[in-house]
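Engineer: Sending over a structure as structure tokens; questions will come in a sec.
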Amino acid sequence: MPNTHNSNSAVNEISDGALQSFIINETGALSPAIETISSGGDGPAFATALSTNAVAILNYNSGNGRIIPTDPTDSTRFIDTAPEITFPQPAPPNVSHPHMALQHENEVLVPDLGGDKIWRLTQTSKDSGDYEIQGFIPQPVNSGPRHIAISNDRLFVLHELASTLTVQRIPSEPNGTAPIIASASIIPPDPPEGAAFAAAEILIPKPTSQFSKPYIYVSNRNTGVQDPRGDAIAIFEHVFADTPEEGLQLVRHVFTGLDQPRGMELGIEDGRGGEAFLAVAGVAGNGGVKIFERTDGGRNLELVATNLDIPTRSTFLWL
């Protein structure tokens, strides 16, 4: 759900997928949809704004996506010229499931949960704004790379099917390779019998004066027998960079009381202290929305607020 000044875009995660634009007024209220455009596929689960004034939208079920330009003078208006980008299908029974997009320099990186790859997209020309696949970064077989983040010149990948967090250097374009430096399980200790985990979200906030070290926050989803403590957020530290001991160190698990926290977002660093807070919700159950405050320099989370007006939510937008 990208936000540009007072405009915002959101997906319609349905079989006839779509991208919609909205205006956020001065009181924080959302307008009716201003414009709707096809995503070109089935079940878009993710959209994000790019620095090129385009919005990337990925269709989880149909293995394709679009990078849609917006009007340079009005970001709520889409320019319907972008072709569909279809990702190659892996060997059966797996199917392509692109799950997010992350801009890095002149590339857009797309983790493919079903294909165990991170696709590398580049513009075919600045004039057209169209994108094409130029290569990929291979990932462990059957790991299910879902979401990614880049920090300290490293690529961090959260693998849904393996419930692991990995770190590696960013390989050279278009098809360079880089070994995985470290891999760590994000599953909390002592899960109940019958638990079934599927990793969901990764956040690595930029350092600030209040939080000088960029800890890594990843969410677990237990789709099986529930833990009375709810699902956990695992906090990791990237340690000993550029040494033979470089790795991922688990700091702690924080149990949220939520069922399957798929979406979580950190507040904005805008002088109001919002970067200290993390909004989290589950996509199942009735736990509502919970706000945690980062404490101990970001090494821990403390629950400070709960709202039960709506039992489940999938994502957030801080204003």
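To be explicit about the labels: the chains of the structure tokens are called A, B, and onward in the order shown, and within each one the residues are counted from 1, while ligands get numbers from 1 in the order they are shown.
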Go through segment 113-195 of chain A residue by residue and, counting only C-alpha atoms, keep those with an atom at most 12 Å from segment 255-275 of chain A; for each kept residue give the shortest atom pair and its distance in Å to one decimal, ordered by chain and increasing number, as a Markdown table.
Structural biologist:
```
| residue | atom | partner | partner_atom | distance |
| --- | --- | --- | --- | --- |
| A:Arg146 | CA | A:Arg262 | CA | 11.3 |
| A:His147 | CA | A:Arg262 | CA | 11.1 |
| A:Glu160 | CA | A:Arg262 | CA | 11.0 |
| A:Ile187 | CA | A:Phe255 | CA | 11.5 |
| A:Pro188 | CA | A:Phe255 | CA | 8.8 |
| A:Pro189 | CA | A:Phe255 | CA | 10.9 |
| A:Pro191 | CA | A:Phe255 | CA | 11.6 |
| A:Ala195 | CA | A:Gln260 | CA | 11.7 |
```
Engineer: Determine, counting only C-alpha atoms, which protein, DNA and RNA residues have an atom within 12 Å of an atom of Asp153 of chain A; residues of the same chain fewer than 5 positions away are not included. Present the result as a short mmCIF file (atom, residue, chain, number, x, y, z; two decimals) with N, CA, C and O atoms, in the first residue's frame.
Structural biologist:
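File written: around_29.cif
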```
data_model
loop_
_atom_site.label_atom_id
_atom_site.label_comp_id
_atom_site.auth_asym_id
_atom_site.auth_seq_id
_atom_site.Cartn_x
_atom_site.Cartn_y
_atom_site.Cartn_z
N HIS A 104 15.89 -1.39 -5.95
CA HIS A 104 17.28 -1.26 -5.51
C HIS A 104 18.09 -0.71 -6.67
O HIS A 104 18.29 -1.40 -7.68
N GLU A 105 18.52 0.53 -6.50
CA GLU A 105 19.25 1.23 -7.55
C GLU A 105 18.44 1.19 -8.84
O GLU A 105 17.30 1.63 -8.87
N VAL A 167 20.86 -14.22 4.85
CA VAL A 167 21.57 -13.00 4.46
C VAL A 167 22.64 -13.38 3.45
O VAL A 167 23.30 -14.42 3.58
N GLN A 168 22.81 -12.54 2.43
CA GLN A 168 23.84 -12.73 1.42
C GLN A 168 24.20 -11.38 0.82
O GLN A 168 23.46 -10.40 0.98
N ARG A 169 25.34 -11.31 0.16
CA ARG A 169 25.67 -10.12 -0.60
C ARG A 169 24.74 -10.01 -1.81
O ARG A 169 24.17 -11.02 -2.26
N ILE A 170 24.60 -8.81 -2.34
CA ILE A 170 23.79 -8.62 -3.54
C ILE A 170 24.64 -8.97 -4.75
O ILE A 170 25.65 -8.32 -5.00
N PRO A 171 24.27 -10.02 -5.48
CA PRO A 171 25.11 -10.44 -6.60
C PRO A 171 25.14 -9.40 -7.72
O PRO A 171 24.23 -8.56 -7.84
N HIS A 238 22.20 -8.47 12.74
CA HIS A 238 23.21 -8.85 11.76
C HIS A 238 24.57 -8.55 12.40
O HIS A 238 24.89 -7.39 12.68
N ALA A 241 29.74 -8.17 10.42
CA ALA A 241 29.76 -7.99 8.97
C ALA A 241 31.19 -7.88 8.45
O ALA A 241 32.07 -7.31 9.11
N ASP A 242 31.41 -8.47 7.28
CA ASP A 242 32.69 -8.42 6.60
C ASP A 242 33.80 -9.15 7.36
O ASP A 242 34.99 -8.81 7.23
#
```
Engineer: Return the single residue from A:Ile148, A:Ile34, A:Leu203, A:Leu19 that is closest to Met100 of chain A, with distances computed using only C-alpha atoms.
Structural biologist: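 Of the candidates, the smallest distance to Met100 of chain A is held by A:Ile148.
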Engineer: Got a sec: who's within 9 Å of Asn61 of chain A, counting only C-alpha atoms, leaving out chain neighbours fewer than 3 positions off, as a ChimeraX atom specification?
Structural biologist: /A:15,41-44,64,95-98
Engineer: Any idea what the distance is between atom CA of Ala284 of chain A and atom CA of Gly224 of chain A?
Structural biologist: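 Taking atom CA of Ala284 of chain A and atom CA of Gly224 of chain A, their separation equals 11.7 Å.
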Engineer: Report, in Å to a single decimal, how far apart atom CA of Gly114 of chain A and atom CA of Arg221 of chain A are.
Structural biologist: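 A separation of 17.9 Å between them.
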Engineer: Tell me, as a ChimeraX atom specification, which residues lie within 8 Å of Ala198 of chain A, counting only C-alpha atoms; anything in the same chain fewer than 2 positions away does not count.
Structural biologist: /A:160-163,196,200,220-223
Engineer: Segment 266-318 of chain A: which residues are helix (DSSP H, G or I) by DSSP, as a ChimeraX atom specification?
Structural biologist: /A:274-276,296-298
Engineer: Dump C-alpha atoms for the selected residues as a short mmCIF file (atom, residue, chain, number, x, y, z; two decimals), in the first residue's frame?
Structural biologist:
```cif
data_model
loop_
_atom_site.label_atom_id
_atom_site.label_comp_id
_atom_site.auth_asym_id
_atom_site.auth_seq_id
_atom_site.Cartn_x
_atom_site.Cartn_y
_atom_site.Cartn_z
CA GLY A 274 6.71 7.64 15.34
CA GLU A 275 9.64 5.39 14.42
CA ALA A 276 9.52 3.99 17.96
CA ASP A 296 16.20 -1.20 24.71
CA GLY A 297 17.43 0.45 21.53
CA GLY A 298 15.17 -1.78 19.43
#
```
Engineer: Using only C-alpha atoms for the distances, tell me which of A:Asn307, A:Asn94, A:Ser39, A:Ser21 is nearest to Phe78 of chain A.
Structural biologist: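 The answer is A:Ser21, which sits nearest to Phe78 of chain A.
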Engineer: Using only C-alpha atoms for the distances, tell me which of A:Val108, A:Ile37, A:Ala182, A:Leu113 is nearest to Thr52 of chain A.
Structural biologist: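 Smallest distance to Thr52 of chain A is found for A:Val108.
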Engineer: Using only C-alpha atoms, can you tell me which of A:Ser314, A:Thr166, A:Ser219, A:Ser125 comes closest to Glu246 of chain A?
Structural biologist: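 Looking at the shortest contact to Glu246 of chain A, the residue is A:Thr166.
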Engineer: Select, from A:Phe197, A:Arg154, A:Thr177, A:Phe136, the residue with the minimum atom-to-atom distance to Val225 of chain A, counting only C-alpha atoms.
Structural biologist: A:Phe197
Engineer: I'd like to know which of A:Ile85, A:Ala184, A:Pro69, A:Asn8 is closest to Leu30 of chain A, using only C-alpha atoms.
Structural biologist: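 Closest residue, counting only C-alpha atoms: A:Asn8.
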Engineer: Please measure the separation of atom CA of Asp74 of chain A and atom CA of Asn53 of chain A, giving the value in Å to one decimal.
Structural biologist: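 Between these atoms lies a distance of 9.9 Å.
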Engineer: Return as a ChimeraX atom specification the full set of residues in segment 21-258 of chain A whose backbone-based DSSP assignment is strand (DSSP E or B).
Structural biologist: /A:21-24,30,35-38,44-49,54-59,64-71,74-78,85-86,98,102-104,107-112,117-123,131-138,145-151,154-159,164-169,180-185,197,202-203,216-219,222,232-239,247-255
Engineer: Just write the chosen residues, C-alpha atoms, as a compact mmCIF listing (two decimals), in the first residue's frame.
Structural biologist:
```txt
# COMPACT_ATOMS: atom_id res chain seq x y z
CA SER A 21 -5.85 5.16 -6.03
CA PHE A 22 -7.14 7.33 -3.19
CA ILE A 23 -6.63 10.72 -1.59
CA ILE A 24 -5.95 11.11 2.13
CA LEU A 30 -9.66 8.19 2.88
CA GLU A 35 -9.17 5.43 -10.31
CA THR A 36 -9.08 1.65 -10.78
CA ILE A 37 -6.82 -0.23 -13.18
CA SER A 38 -6.34 -3.94 -13.85
CA PRO A 44 -2.43 -9.28 -6.23
CA ALA A 45 -1.06 -9.35 -2.69
CA PHE A 46 1.36 -6.45 -2.85
CA ALA A 47 1.88 -2.99 -4.38
CA THR A 48 4.57 -0.39 -3.86
CA ALA A 49 5.48 3.01 -5.28
CA ALA A 54 5.26 4.09 -11.15
CA VAL A 55 3.51 1.52 -8.95
CA ALA A 56 4.57 -2.14 -8.99
CA ILE A 57 1.78 -4.66 -8.42
CA LEU A 58 2.34 -8.45 -8.26
CA ASN A 59 -0.27 -11.16 -8.84
CA ASN A 64 2.67 -12.15 -13.23
CA GLY A 65 2.53 -8.43 -12.52
CA ARG A 66 2.71 -4.92 -13.90
CA ILE A 67 4.71 -1.78 -13.17
CA ILE A 68 2.18 0.94 -13.91
CA PRO A 69 3.24 4.56 -14.55
CA THR A 70 1.32 7.41 -12.95
CA ASP A 71 0.69 10.90 -14.28
CA ASP A 74 -1.24 13.70 -10.50
CA SER A 75 -0.14 10.46 -8.81
CA THR A 76 -3.77 9.31 -8.45
CA ARG A 77 -4.03 8.89 -12.23
CA PHE A 78 -2.65 5.71 -13.78
CA ILE A 85 5.39 -9.18 -16.82
CA THR A 86 5.03 -12.96 -16.73
CA PRO A 98 5.56 -13.37 -6.97
CA LEU A 102 11.69 -3.88 -3.85
CA GLN A 103 13.49 -1.16 -5.77
CA HIS A 104 17.28 -1.26 -5.51
CA GLU A 107 16.53 -2.70 -10.53
CA VAL A 108 13.23 -3.93 -9.14
CA LEU A 109 13.67 -7.19 -7.19
CA VAL A 110 10.72 -9.60 -7.01
CA PRO A 111 10.84 -12.64 -4.69
CA ASP A 112 8.99 -15.62 -6.19
CA LYS A 117 14.10 -17.15 -7.10
CA ILE A 118 14.36 -13.39 -6.79
CA TRP A 119 13.70 -11.96 -10.23
CA ARG A 120 15.69 -8.90 -11.35
CA LEU A 121 13.72 -6.40 -13.45
CA THR A 122 15.05 -3.38 -15.32
CA GLN A 123 13.50 -0.73 -17.49
CA TYR A 131 10.24 -3.34 -17.46
CA GLU A 132 11.62 -6.75 -18.34
CA ILE A 133 13.30 -9.65 -16.53
CA GLN A 134 17.08 -9.41 -16.85
CA GLY A 135 18.06 -12.24 -14.52
CA PHE A 136 17.47 -13.79 -11.11
CA ILE A 137 19.07 -14.57 -7.76
CA PRO A 138 18.64 -18.27 -6.88
CA PRO A 145 11.23 -16.60 -0.57
CA ARG A 146 8.35 -14.31 0.37
CA HIS A 147 9.67 -10.89 1.38
CA ILE A 148 13.06 -9.20 1.19
CA ALA A 149 14.93 -6.21 2.59
CA ILE A 150 18.29 -4.60 1.89
CA SER A 151 20.54 -3.16 4.59
CA ARG A 154 23.26 -7.17 2.18
CA LEU A 155 20.15 -8.90 0.88
CA PHE A 156 17.97 -10.33 3.65
CA VAL A 157 15.36 -12.87 2.55
CA LEU A 158 12.45 -14.20 4.59
CA HIS A 159 11.44 -17.67 3.42
CA THR A 164 14.05 -19.03 7.80
CA LEU A 165 15.85 -15.71 7.48
CA THR A 166 18.93 -15.62 5.25
CA VAL A 167 21.57 -13.00 4.46
CA GLN A 168 23.84 -12.73 1.42
CA ARG A 169 25.67 -10.12 -0.60
CA ILE A 180 24.20 -17.42 1.59
CA ILE A 181 26.31 -16.17 4.47
CA ALA A 182 23.95 -17.29 7.22
CA SER A 183 20.53 -18.87 7.66
CA ALA A 184 18.49 -18.84 10.87
CA SER A 185 15.16 -20.36 11.88
CA PHE A 197 4.62 -22.11 10.59
CA ILE A 202 10.43 -8.55 7.40
CA LEU A 203 11.29 -5.01 8.49
CA ILE A 216 15.68 -7.10 11.95
CA TYR A 217 12.01 -7.78 12.77
CA VAL A 218 10.28 -10.80 11.22
CA SER A 219 6.80 -12.17 11.85
CA ASN A 222 1.21 -20.36 12.89
CA ALA A 232 5.74 -14.26 17.72
CA ILE A 233 7.86 -11.55 16.18
CA ALA A 234 11.49 -12.63 16.05
CA ILE A 235 14.15 -9.95 16.47
CA PHE A 236 17.57 -10.57 14.91
CA GLU A 237 20.86 -8.73 14.75
CA HIS A 238 23.21 -8.85 11.76
CA VAL A 239 26.58 -9.41 13.44
CA GLY A 247 25.96 -14.05 10.75
CA LEU A 248 22.48 -13.62 12.16
CA GLN A 249 22.03 -13.59 15.93
CA LEU A 250 18.60 -14.10 17.47
CA VAL A 251 17.91 -11.43 20.08
CA ARG A 252 14.50 -12.69 21.26
CA HIS A 253 10.97 -13.71 20.34
CA VAL A 254 8.14 -11.37 21.36
CA PHE A 255 4.75 -13.08 21.56
```
